[in-house]
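Novice: See structure.cif below, with mmCIF, C-alpha atoms.
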```cif
data_entry
#
loop_
_atom_site.label_atom_id
_atom_site.label_comp_id
_atom_site.auth_asym_id
_atom_site.auth_seq_id
_atom_site.Cartn_x
_atom_site.Cartn_y
_atom_site.Cartn_z
CA MET L 29 -11.62 8.22 7.63
CA THR L 30 -10.43 4.78 6.52
CA VAL L 31 -6.88 3.76 7.42
CA LEU L 32 -5.05 0.89 5.78
CA THR L 33 -1.81 -0.72 6.90
CA ALA L 34 -0.22 -3.43 4.79
CA TYR L 35 2.82 -5.41 5.86
CA VAL L 36 4.63 -6.75 2.80
CA TYR L 37 7.39 -9.35 3.02
CA LEU L 38 9.66 -9.34 -0.03
CA LEU L 39 11.96 -11.96 -1.48
CA PRO L 40 15.53 -10.74 -0.88
CA GLU L 41 16.41 -10.81 -4.57
CA GLN L 42 13.30 -8.76 -5.43
CA VAL L 43 13.72 -5.87 -2.98
CA GLU L 44 15.06 -3.30 -5.45
CA SER L 45 12.45 -3.93 -8.14
CA ALA L 46 9.65 -4.14 -5.56
CA ILE L 47 10.58 -0.76 -4.05
CA ALA L 48 10.57 0.70 -7.57
CA ALA L 49 7.03 -0.69 -8.08
CA CYS L 50 5.97 0.79 -4.71
CA ARG L 51 7.19 4.22 -5.79
CA ILE L 52 5.28 3.99 -9.06
CA VAL L 53 1.96 2.99 -7.47
CA ARG L 54 2.35 5.68 -4.83
CA GLY L 55 2.75 8.29 -7.57
CA TYR L 56 -0.63 7.34 -9.00
CA SER L 57 -2.39 6.74 -5.70
CA VAL L 58 -1.72 10.15 -4.13
CA LYS L 59 -3.65 11.73 -7.02
CA GLU L 60 -6.77 9.63 -6.51
CA LYS L 61 -10.03 10.96 -5.10
CA GLY L 62 -10.14 10.58 -1.34
CA CYS L 63 -6.45 9.83 -0.84
CA GLU L 64 -5.41 11.89 2.16
CA LYS L 65 -2.08 10.17 2.88
CA TYR L 66 -0.27 7.34 1.15
CA ASP L 67 3.23 6.21 1.97
CA PHE L 68 5.37 3.17 2.48
CA PHE L 69 8.34 2.51 4.71
CA GLN L 70 11.14 -0.02 4.41
CA SER L 71 12.35 -1.52 7.67
CA SER L 72 15.80 -0.31 8.73
CA ASP L 73 16.39 -3.69 10.40
CA ASP L 74 15.17 -5.88 7.55
CA PRO L 75 15.02 -4.40 4.03
CA THR L 76 12.70 -7.21 2.92
CA GLN L 77 9.90 -5.78 5.07
CA VAL L 78 7.81 -2.88 3.79
CA VAL L 79 4.82 -1.27 5.50
CA PHE L 80 2.19 0.76 3.64
CA VAL L 81 0.24 3.37 5.58
CA GLU L 82 -2.72 4.92 3.80
CA GLU L 83 -5.52 7.27 4.81
CA TRP L 84 -8.66 7.57 2.68
CA THR L 85 -11.61 9.88 3.18
CA THR L 86 -14.10 6.99 2.91
CA ARG L 87 -14.08 3.22 2.60
CA GLU L 88 -15.61 3.70 -0.86
CA ASP L 89 -12.56 5.75 -1.91
CA LEU L 90 -10.28 2.92 -0.80
CA GLU L 91 -12.38 0.33 -2.62
CA LEU L 92 -12.23 2.46 -5.77
CA HIS L 93 -8.44 2.62 -5.37
CA PHE L 94 -8.31 -1.18 -5.54
CA GLN L 95 -10.10 -1.02 -8.92
CA GLN L 96 -7.65 1.40 -10.55
CA ASP L 97 -5.41 0.08 -13.32
CA ALA L 98 -2.28 1.31 -11.54
CA PHE L 99 -3.14 -0.68 -8.42
CA LYS L 100 -4.08 -3.78 -10.39
CA GLU L 101 -0.76 -3.63 -12.27
CA PHE L 102 1.09 -3.14 -8.97
CA ALA L 103 -0.65 -6.12 -7.38
CA ALA L 104 0.14 -8.33 -10.37
CA THR L 105 3.78 -7.22 -10.38
CA MET L 106 4.17 -7.86 -6.66
CA GLU L 107 2.91 -11.45 -6.87
CA SER L 108 6.37 -12.65 -7.94
CA LYS L 109 8.19 -10.44 -5.43
CA VAL L 110 6.66 -11.43 -2.10
CA ALA L 111 7.89 -14.15 0.22
CA LYS L 112 4.53 -14.68 1.95
CA PRO L 113 1.03 -13.21 1.88
CA THR L 114 0.61 -9.56 2.74
CA ASP L 115 -0.86 -8.79 6.16
CA MET L 116 -3.37 -6.03 5.40
CA ARG L 117 -5.54 -4.31 8.00
CA ILE L 118 -8.28 -1.74 7.42
CA PHE L 119 -9.57 0.49 10.21
CA GLU L 120 -12.30 3.09 10.46
CA SER L 121 -11.13 6.14 12.35
CA VAL L 122 -13.07 8.95 13.95
CA LEU L 123 -11.28 12.28 14.31
CA GLU L 124 -12.22 14.24 17.40
CA GLY L 125 -11.57 17.83 18.19
#
```
Output the file's structure in the form of structure tokens.

Specialist:
Amino acid sequence: MTVLTAYVYLLPEQVESAIAACRIVRGYSVKEKGCEKYDFFQSSDDPTQVVFVEEWTTREDLELHFQQDAFKEFAATMESKVAKPTDMRIFESVLEG
């Protein structure tokens, strides 16, 4: 399993429209091949901070996700909404048991 976390830092005046864009891309992403979990969370302490948590069956599924039109549109939309670069981390996980 491939796990992605992405820490997104929004411009204060862009929070509402950015969250709307996050909801839209999530709606598409959860239907993609290999998407096991896909969600995002807004910090209760700082509404300009959003964390994505995604689980994909394989790294190839995640890479294919990045090539989808919905993701590309989301990434382009978010360019004007972020205060600094996204901190994205990708992990390979082994389930035991």

Novice: Here's the selection I'm unsure about, the PyMOL selection byres ((chain L and resi 50) around 12); applied to the file above, which residues does it give, as JSON, numbers by chain?

Specialist: {"L": [36, 38, 43, 44, 45, 46, 47, 48, 49, 51, 52, 53, 54, 55, 56, 57, 66, 67, 68, 69, 70, 78, 79, 80, 98, 99, 101, 102, 103, 105, 106, 109]}

Novice: Run the PyMOL selection byres ((chain L and resi 113) around 9) against the file shown and list the residues it catches, as a ChimeraX atom specification.

Specialist: /L:35-37,110-112,114-115

Novice: Given the choices L:Glu120, L:Glu107, L:Asp73, L:Glu60, which gets closest to L:Phe94 if the distance is worked out from only C-alpha atoms?

Specialist: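 For L:Phe94, the nearest of the given residues is L:Glu60.
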
Novice: So how far away is atom CA of L:Gly125 from atom CA of L:Thr86, in Å?

Specialist: 18.9 Å

Novice: Take atom CA of L:Ala34 and atom CA of L:Phe119 and report the distance between them in Å, one decimal.

Specialist: 11.5 Å

Novice: What gap, in Å, lies between atom CA of L:Leu32 and atom CA of L:Thr85?

Specialist: 11.4 Å

Novice: Identify all residues satisfying the PyMOL selection byres ((chain L and resi 122) around 9) in the given file; provide them as a count of residues only.

Specialist: 6

Novice: So that all listed atoms of stretch 102-113 of chain L fit with 8 Å spare on each side, what axis-aligned box centre and edge lengths in Å, to one decimal, would you give as lines of an AutoDock Vina configuration file?

Specialist:
```
center_x = 3.8
center_y = -8.9
center_z = -4.2
size_x = 24.8
size_y = 27.5
size_z = 28.3
```

Novice: With only C-alpha atoms as the basis for distance, which of L:Ser71, L:Thr33, L:Gln95, L:Ser108 is at the shortest distance from L:Glu83?

Specialist: L:Thr33
